[in-house]
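Pasting query_24.cif here (mmCIF, C-alpha atoms and all ligand atoms):
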data_model
loop_
_atom_site.label_atom_id
_atom_site.label_comp_id
_atom_site.auth_asym_id
_atom_site.auth_seq_id
_atom_site.Cartn_x
_atom_site.Cartn_y
_atom_site.Cartn_z
CA MET T 422 -45.85 10.56 -48.28
CA GLU T 423 -45.18 12.34 -45.08
CA VAL T 424 -45.53 16.08 -44.58
CA ARG T 425 -43.86 17.63 -41.54
CA VAL T 426 -43.27 21.15 -40.31
CA LEU T 427 -41.01 22.05 -37.39
CA PRO T 428 -40.76 25.58 -36.04
CA ILE T 429 -37.09 25.82 -35.00
CA SER T 430 -37.29 29.44 -33.83
CA SER T 431 -39.61 32.36 -34.52
CA GLY T 432 -39.43 36.07 -33.71
CA SER T 433 -36.89 38.87 -33.69
CA CYS T 434 -34.47 36.54 -31.85
CA GLY T 435 -34.17 34.49 -35.06
CA ASN T 436 -36.40 32.72 -37.55
CA CYS T 437 -36.08 29.25 -39.01
CA PHE T 438 -38.71 26.65 -39.98
CA PHE T 439 -38.21 23.13 -41.31
CA PHE T 440 -40.57 21.68 -43.92
CA GLN T 441 -40.76 18.20 -45.38
CA CYS T 442 -42.99 17.31 -48.33
CA GLY T 443 -42.41 13.66 -49.15
CA ASP T 444 -38.74 13.30 -50.08
CA THR T 445 -38.17 17.03 -50.26
CA ARG T 446 -36.79 18.74 -47.17
CA PHE T 447 -36.16 22.44 -46.84
CA LEU T 448 -35.89 25.39 -44.48
CA ILE T 449 -37.46 28.80 -44.52
CA ASP T 450 -34.80 31.30 -43.39
CA ALA T 451 -31.68 30.75 -41.31
CA GLY T 452 -31.79 33.33 -38.54
CA VAL T 453 -30.46 31.03 -35.81
CA PRO T 454 -27.04 29.38 -35.40
CA VAL T 455 -26.38 26.20 -37.33
CA SER T 456 -25.91 24.35 -34.02
CA SER T 457 -29.52 25.22 -33.06
CA ILE T 458 -30.85 24.05 -36.43
CA HIS T 459 -28.78 20.89 -36.18
CA SER T 460 -29.99 19.99 -32.69
CA ALA T 461 -33.65 20.82 -33.44
CA LEU T 462 -33.58 18.51 -36.47
CA LYS T 463 -31.57 15.83 -34.67
CA ALA T 464 -34.29 15.55 -32.02
CA HIS T 465 -36.52 14.20 -34.83
CA GLN T 466 -33.81 12.08 -36.47
CA ILE T 467 -33.51 14.49 -39.40
CA PRO T 468 -29.88 14.90 -40.56
CA LEU T 469 -28.85 18.44 -41.57
CA GLN T 470 -27.28 16.85 -44.66
CA SER T 471 -30.69 15.68 -45.84
CA LEU T 472 -31.86 19.26 -46.48
CA ASN T 473 -32.37 20.11 -50.15
CA ALA T 474 -32.91 23.86 -50.04
CA VAL T 475 -33.44 27.00 -48.05
CA PHE T 476 -36.11 29.57 -48.97
CA VAL T 477 -35.36 33.15 -47.92
CA THR T 478 -38.20 35.50 -46.93
CA HIS T 479 -36.14 38.73 -46.74
CA ASP T 480 -32.75 40.03 -45.71
CA HIS T 481 -33.40 41.26 -42.17
CA ASN T 482 -30.85 39.82 -39.80
CA ASP T 483 -33.33 37.79 -37.76
CA HIS T 484 -33.96 35.80 -40.97
CA ILE T 485 -30.54 35.48 -42.63
CA ALA T 486 -27.89 36.05 -39.95
CA TYR T 487 -26.64 32.45 -40.17
CA LEU T 488 -27.44 31.69 -43.81
CA LYS T 489 -23.80 31.89 -44.92
CA ASP T 490 -22.62 29.70 -42.01
CA LEU T 491 -25.30 27.15 -42.84
CA LEU T 492 -24.41 27.04 -46.53
CA LYS T 493 -20.69 26.75 -45.78
CA MET T 494 -21.43 23.74 -43.61
CA HIS T 495 -24.00 22.21 -45.93
CA PRO T 496 -24.26 23.73 -49.43
CA MET T 497 -27.80 23.47 -50.80
CA ALA T 498 -30.04 25.33 -53.22
CA VAL T 499 -31.15 28.80 -52.16
CA TRP T 500 -34.43 30.29 -53.34
CA LEU T 501 -34.79 34.02 -52.96
CA SER T 502 -36.26 37.16 -54.47
CA SER T 503 -34.20 38.37 -57.43
CA ARG T 504 -34.06 41.79 -55.74
CA LEU T 505 -31.77 40.44 -53.01
CA SER T 506 -28.81 40.88 -55.35
CA HIS T 507 -26.23 41.30 -52.57
CA LEU T 508 -27.01 37.78 -51.42
CA GLY T 509 -27.06 36.54 -55.01
CA GLU T 510 -23.55 37.90 -55.60
CA TRP T 511 -22.22 36.10 -52.55
CA LEU T 512 -23.89 32.84 -53.56
CA GLU T 513 -22.34 33.16 -57.02
CA GLU T 514 -18.88 33.72 -55.55
CA GLU T 515 -19.29 30.68 -53.34
CA GLU T 516 -20.61 28.65 -56.30
CA ILE T 517 -23.79 27.76 -54.46
CA TYR T 518 -26.76 27.03 -56.68
CA TYR T 519 -29.46 29.63 -56.22
CA PHE T 520 -32.75 30.39 -57.81
CA PRO T 521 -33.68 34.08 -57.96
CA PHE T 522 -37.42 34.50 -58.57
CA GLN T 523 -39.86 37.32 -59.11
CA PRO T 524 -42.47 37.38 -56.33
CA GLY T 525 -45.78 36.29 -57.86
CA GLN T 526 -44.08 33.72 -60.10
CA LYS T 527 -45.43 30.18 -59.74
CA LEU T 528 -42.57 27.73 -59.46
CA THR T 529 -41.91 24.04 -58.98
CA PHE T 530 -39.39 22.43 -56.69
CA GLY T 531 -39.41 18.66 -57.17
CA ASP T 532 -42.95 17.55 -56.37
CA VAL T 533 -43.77 20.81 -54.62
CA TRP T 534 -45.48 23.84 -56.15
CA VAL T 535 -44.03 27.06 -54.75
CA TYR T 536 -45.77 30.40 -54.85
CA PRO T 537 -43.82 33.33 -53.36
CA LEU T 538 -45.90 36.46 -52.73
CA SER T 539 -44.69 39.98 -52.03
CA LEU T 540 -45.43 41.18 -48.49
CA PRO T 541 -45.56 44.82 -47.34
CA HIS T 542 -42.57 45.15 -45.00
CA ASP T 543 -39.65 47.54 -44.64
CA ALA T 544 -37.00 45.43 -46.36
CA ILE T 545 -35.72 45.45 -49.98
CA SER T 546 -38.06 42.61 -50.90
CA THR T 547 -40.09 40.48 -48.50
CA VAL T 548 -42.00 37.38 -49.53
CA GLY T 549 -44.39 34.92 -47.95
CA TYR T 550 -44.60 31.41 -49.37
CA ILE T 551 -47.28 28.94 -50.29
CA PHE T 552 -46.18 25.35 -50.85
CA GLN T 553 -48.60 22.90 -52.41
CA TYR T 554 -47.73 19.20 -52.22
CA ARG T 555 -50.43 16.85 -53.48
CA ASP T 556 -53.53 17.94 -51.56
CA VAL T 557 -51.58 19.62 -48.76
CA LYS T 558 -51.20 23.39 -48.79
CA LEU T 559 -48.71 25.07 -46.45
CA SER T 560 -48.73 28.86 -46.19
CA TYR T 561 -46.13 31.00 -44.43
CA PHE T 562 -46.60 34.73 -43.83
CA THR T 563 -44.52 36.67 -41.34
CA ASP T 564 -43.02 40.16 -41.37
CA LEU T 565 -45.85 42.14 -42.93
CA GLY T 566 -47.49 45.40 -41.91
CA VAL T 567 -50.90 44.64 -43.39
CA CYS T 568 -52.60 41.73 -45.13
CA LEU T 569 -53.17 42.27 -48.83
CA PRO T 570 -56.35 40.86 -50.43
CA SER T 571 -54.22 38.78 -52.83
CA MET T 572 -52.49 37.15 -49.88
CA LEU T 573 -55.77 36.39 -48.09
CA ARG T 574 -57.15 34.76 -51.22
CA ALA T 575 -53.99 32.76 -51.79
CA ALA T 576 -54.07 31.42 -48.22
CA GLU T 577 -57.64 30.10 -48.49
CA GLY T 578 -57.85 26.34 -48.09
CA SER T 579 -54.46 26.02 -46.38
CA THR T 580 -53.85 22.82 -44.48
CA LEU T 581 -51.42 24.68 -42.24
CA LEU T 582 -51.10 28.44 -42.11
CA VAL T 583 -48.15 30.02 -40.30
CA ILE T 584 -49.07 33.67 -39.77
CA GLU T 585 -47.56 36.55 -37.83
CA ALA T 586 -49.18 37.71 -34.57
CA ASN T 587 -46.41 40.09 -33.57
CA HIS T 588 -47.86 42.33 -30.89
CA ASP T 589 -50.76 43.36 -28.75
CA GLU T 590 -51.63 46.87 -29.94
CA GLU T 591 -52.16 48.35 -26.45
CA LYS T 592 -49.08 46.68 -25.01
CA LEU T 593 -46.99 48.15 -27.84
CA VAL T 594 -48.37 51.68 -27.31
CA SER T 595 -47.87 51.63 -23.54
CA GLY T 596 -44.61 49.65 -23.69
CA PRO T 597 -40.95 50.71 -23.44
CA TYR T 598 -40.07 50.90 -27.16
CA PRO T 599 -38.92 54.31 -28.44
CA GLU T 600 -41.52 56.23 -30.43
CA TYR T 601 -39.81 55.70 -33.83
CA LEU T 602 -39.77 51.94 -33.31
CA LYS T 603 -43.44 51.85 -32.24
CA LYS T 604 -44.32 53.76 -35.42
CA ARG T 605 -42.24 51.39 -37.54
CA ILE T 606 -43.97 48.32 -36.08
CA GLN T 607 -47.46 49.87 -36.44
CA SER T 608 -46.90 51.03 -40.02
CA SER T 609 -48.26 49.27 -43.08
CA ARG T 610 -44.71 48.02 -43.70
CA GLY T 611 -44.11 46.87 -40.12
CA HIS T 612 -45.51 43.87 -38.28
CA LEU T 613 -48.96 42.31 -37.97
CA SER T 614 -50.73 42.75 -34.61
CA ASN T 615 -52.80 40.08 -32.87
CA ARG T 616 -55.97 41.92 -33.96
CA GLN T 617 -54.87 42.16 -37.60
CA CYS T 618 -53.94 38.48 -37.52
CA GLY T 619 -57.36 37.49 -36.14
CA GLU T 620 -59.17 39.62 -38.71
CA ALA T 621 -57.09 38.14 -41.53
CA LEU T 622 -57.98 34.65 -40.35
CA VAL T 623 -61.69 35.49 -40.38
CA GLN T 624 -61.38 36.50 -44.03
CA ILE T 625 -59.22 33.54 -45.01
CA LEU T 626 -61.72 31.17 -43.37
CA SER T 627 -64.83 32.79 -44.80
CA ASN T 628 -64.77 30.78 -48.02
CA GLY T 629 -63.37 27.47 -46.81
CA ARG T 630 -65.36 24.67 -45.28
CA GLU T 631 -62.39 22.64 -44.08
CA LYS T 632 -60.77 22.94 -40.68
CA MET T 633 -57.39 24.70 -40.75
CA ASP T 634 -54.30 24.39 -38.56
CA VAL T 635 -52.97 27.83 -37.71
CA MET T 636 -49.61 28.52 -36.10
CA LEU T 637 -49.12 32.06 -34.76
CA ALA T 638 -45.56 33.24 -35.38
CA HIS T 639 -43.01 36.05 -34.92
CA LEU T 640 -44.43 36.93 -31.48
CA SER T 641 -42.73 39.87 -29.77
CA ALA T 642 -41.05 39.20 -26.41
CA VAL T 643 -41.80 42.72 -25.15
CA ASN T 644 -45.17 43.53 -26.71
CA ASN T 645 -46.88 40.14 -26.63
CA THR T 646 -47.12 36.79 -24.89
CA PRO T 647 -48.27 33.50 -26.38
CA GLU T 648 -51.34 33.65 -24.09
CA MET T 649 -52.25 37.15 -25.30
CA ALA T 650 -51.78 36.24 -28.96
CA LEU T 651 -53.84 33.06 -28.67
CA SER T 652 -56.65 34.68 -26.68
CA SER T 653 -56.92 37.81 -28.89
CA VAL T 654 -57.12 35.69 -32.02
CA GLU T 655 -59.57 33.28 -30.37
CA THR T 656 -61.82 36.14 -29.27
CA ILE T 657 -62.02 37.53 -32.82
CA LEU T 658 -62.65 34.08 -34.30
CA LYS T 659 -65.39 33.37 -31.72
CA LYS T 660 -67.09 36.69 -32.40
CA GLU T 661 -67.26 35.85 -36.09
CA GLY T 662 -68.35 32.24 -35.51
CA LYS T 663 -65.11 30.82 -36.92
CA ARG T 664 -63.47 29.38 -33.79
CA GLU T 665 -64.49 25.81 -34.59
CA LYS T 666 -62.74 25.99 -37.95
CA VAL T 667 -59.27 26.45 -36.50
CA ARG T 668 -56.78 24.42 -34.49
CA LEU T 669 -54.62 27.14 -33.00
CA THR T 670 -50.99 26.86 -31.84
CA PHE T 671 -47.98 29.15 -31.75
CA ALA T 672 -44.31 28.95 -32.72
CA PRO T 673 -42.09 29.59 -29.67
CA ARG T 674 -39.36 32.24 -29.64
CA GLY T 675 -35.78 31.04 -29.67
CA LYS T 676 -36.56 27.35 -29.32
CA PRO T 677 -38.21 24.59 -31.31
CA GLY T 678 -41.93 23.98 -31.03
CA ASN T 679 -43.85 20.79 -31.60
CA LEU T 680 -43.48 18.87 -34.84
CA TRP T 681 -46.60 19.25 -36.99
CA ARG T 682 -47.23 16.27 -39.20
CA LEU T 683 -49.60 14.60 -41.62
CA PRO T 684 -49.24 10.84 -41.97
ZN ZN T 701 -38.45 39.24 -38.65
ZN ZN T 702 -38.31 41.73 -41.08
#
For this file, write the structure as structure tokens.
Ligand SMILES: [Zn+2]
Ligand SMILES: [Zn+2]
Amino acid sequence: MEVRVLPISSGSCGNCFFFQCGDTRFLIDAGVPVSSIHSALKAHQIPLQSLNAVFVTHDHNDHIAYLKDLLKMHPMAVWLSSRLSHLGEWLEEEEIYYFPFQPGQKLTFGDVWVYPLSLPHDAISTVGYIFQYRDVKLSYFTDLGVCLPSMLRAAEGSTLLVIEANHDEEKLVSGPYPEYLKKRIQSSRGHLSNRQCGEALVQILSNGREKMDVMLAHLSAVNNTPEMALSSVETILKKEGKREKVRLTFAPRGKPGNLWRLP
């Protein structure tokens, strides 16, 4: 059965990814208007009404700004950390089915195994996700200040890994952001730099023999470019002899990227 992943938008301008595992279709986050989600899916003949669920990573606006609009238009199951109680209360009022989980719990959703992991980020509760469907493993980690060893281990053997490459460290330091914001981004509860992303990949790849598809995500518009992110990560991978193990792409900001698929 078909597995497809479509980056609909990624970055501080709004985050939303579409996943399909066989008959199960779901989104991660809803940080872009419903019209953008609708048109991105329509381009691949995927009706909005065919979505079964939305998985929430955390409650920053670039991830949930349009969640309520989306659910009003098309009610579907919502999976989220039990600590996001303000969202839970709203979902209860609206009588929308939701599944509050503890990060670290292993869950099932139809034919898909779901493993939400806590990520270090400055929100109430931030999670990354691993979805396992048959022999396909899809991992999704954005909005994290550092990579935890548990996360690196969990991501080993991914078929597709979506991972944050938020900023170039020098560009951030010399860039126009106010000092407090630079500090926030650099902190262990901020965002992953291109260098940190490359180093994480080296570790994730050190035990696996298989080739991995890697999609760089949540790129900053001010402190990064797709070219910088790709070349920094490539340089680190080359240095460690891991370049051949990775097919590298990136998720564009504010617009859909290419559909990733397995037959
Ligand atoms: Zn974000
Ligand atoms: Zn965030």
Would you kindly identify which residues have an atom no farther than 9 Å from (-34.1, 41.1, -43.0), using all atoms listed in the file and the file's own coordinates, and write them out as number ranges by chain?
T: 478-486, 543-547
Closest to ligand ZN 702 (chain T) among T:Pro599, T:Gly678, T:Pro541, T:Pro684, using only C-alpha atoms and all ligand atoms?
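That would be T:Pro541, the residue with the smallest distance to ligand ZN 702 (chain T).
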Quick one: residues within 6 Å of T:Gln441, only C-alpha atoms counted, chain neighbours fewer than 4 positions away excluded, as a PyMOL selection string?
chain T and resi 424-425+445-446
Rounded to one decimal, what separation in Å do you get between atom CA of T:Val453 and atom CA of T:Leu622?
28.1 Å
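Ranking T:Leu501, T:Ile467, T:Val535, T:Ala642 by their shortest atom-to-atom distance to T:Asp589, with only C-alpha atoms included, puts T:Ala642 first.
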Residue among T:Val623, T:Cys442, T:Leu512, T:Leu680 lying closest to T:Glu665, counting only C-alpha atoms
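So, comparing all the options, the nearest one is T:Val623.
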Please return as a list in words the residues found within 6 Å of ligand ZN 701 (chain T), counting only C-alpha atoms and all ligand atoms.
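Those residues are Gly432, Ser433, Asp483 and Asp564 of chain T.
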Would you compute the distance between atom CA of T:Ser430 and atom CA of T:Arg668? Give it in Å to one decimal.
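Between these atoms lies a distance of 20.1 Å.
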Please tell me which residues are no farther than 12 Å from (-56.8, 40.6, -42.2) in the file, counting only C-alpha atoms, and write them as a PyMOL selection string.
chain T and resi 562+565-574+576+584-586+613-627+654+657-658
Nearest residue to ligand ZN 702 (chain T) from the set T:Glu515, T:Asp556, T:Asp450, T:Asp490 (distances using only C-alpha atoms and all ligand atoms)
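Closest to ligand ZN 702 (chain T), using only C-alpha atoms and all ligand atoms: T:Asp450.
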Can you work out the spacing between atom CA of T:Tyr487 and atom CA of T:Lys604 in Å, to one decimal?
28.1 Å
T:Ser560, T:Arg555, T:Leu469, T:Ser641 ranked by distance to T:Gly596, top pick (using only C-alpha atoms):
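Of T:Ser560, T:Arg555, T:Leu469, T:Ser641, the one nearest T:Gly596, counting only C-alpha atoms, is T:Ser641.
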Counting only C-alpha atoms, which of T:Asp532, T:Glu577, T:Glu648, T:Glu513 gets nearest to T:Glu631?
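Answer, going by the shortest atom-to-atom distance: T:Glu577.
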Around all the atoms of stretch 468-480 of chain T listed in the file, with 3 Å of room on each side, what axis-aligned box do you get, giving centre and edge lengths in Å to one decimal, as JSON?
{"center_x": -32.7, "center_y": 27.5, "center_z": -45.4, "size_x": 16.9, "size_y": 31.1, "size_z": 15.6}
Would you mind writing stretch 604-620 of chain T with N, CA and C atoms, as a short mmCIF file (atom, residue, chain, number, x, y, z; two decimals), in the coordinates of the input?
data_model
loop_
_atom_site.label_atom_id
_atom_site.label_comp_id
_atom_site.auth_asym_id
_atom_site.auth_seq_id
_atom_site.Cartn_x
_atom_site.Cartn_y
_atom_site.Cartn_z
N LYS T 604 -43.74 53.32 -34.14
CA LYS T 604 -44.32 53.76 -35.42
C LYS T 604 -43.95 52.78 -36.53
N ARG T 605 -42.71 52.33 -36.52
CA ARG T 605 -42.24 51.39 -37.54
C ARG T 605 -43.06 50.09 -37.47
N ILE T 606 -43.24 49.58 -36.26
CA ILE T 606 -43.97 48.32 -36.08
C ILE T 606 -45.43 48.47 -36.49
N GLN T 607 -46.03 49.64 -36.14
CA GLN T 607 -47.46 49.87 -36.44
C GLN T 607 -47.71 50.15 -37.91
N SER T 608 -46.67 50.56 -38.65
CA SER T 608 -46.90 51.03 -40.02
C SER T 608 -47.33 49.89 -40.93
N SER T 609 -47.78 50.28 -42.13
CA SER T 609 -48.26 49.27 -43.08
C SER T 609 -47.10 48.45 -43.65
N ARG T 610 -45.86 48.83 -43.29
CA ARG T 610 -44.71 48.02 -43.70
C ARG T 610 -43.97 47.49 -42.47
N GLY T 611 -44.71 47.34 -41.36
CA GLY T 611 -44.11 46.87 -40.12
C GLY T 611 -44.48 45.43 -39.84
N HIS T 612 -45.16 45.24 -38.70
CA HIS T 612 -45.51 43.87 -38.28
C HIS T 612 -47.00 43.76 -37.97
N LEU T 613 -47.54 42.57 -38.16
CA LEU T 613 -48.96 42.31 -37.97
C LEU T 613 -49.30 42.15 -36.48
N SER T 614 -50.32 42.87 -36.02
CA SER T 614 -50.73 42.75 -34.61
C SER T 614 -51.63 41.53 -34.43
N ASN T 615 -51.89 41.20 -33.17
CA ASN T 615 -52.80 40.08 -32.87
C ASN T 615 -54.17 40.34 -33.51
N ARG T 616 -54.65 41.60 -33.39
CA ARG T 616 -55.97 41.92 -33.96
C ARG T 616 -55.97 41.74 -35.48
N GLN T 617 -54.94 42.29 -36.13
CA GLN T 617 -54.87 42.16 -37.60
C GLN T 617 -54.79 40.69 -38.02
N CYS T 618 -54.07 39.91 -37.23
CA CYS T 618 -53.94 38.48 -37.52
C CYS T 618 -55.30 37.80 -37.42
N GLY T 619 -56.04 38.09 -36.33
CA GLY T 619 -57.36 37.49 -36.14
C GLY T 619 -58.31 37.88 -37.26
N GLU T 620 -58.28 39.16 -37.64
CA GLU T 620 -59.17 39.62 -38.71
C GLU T 620 -58.81 38.99 -40.06
#
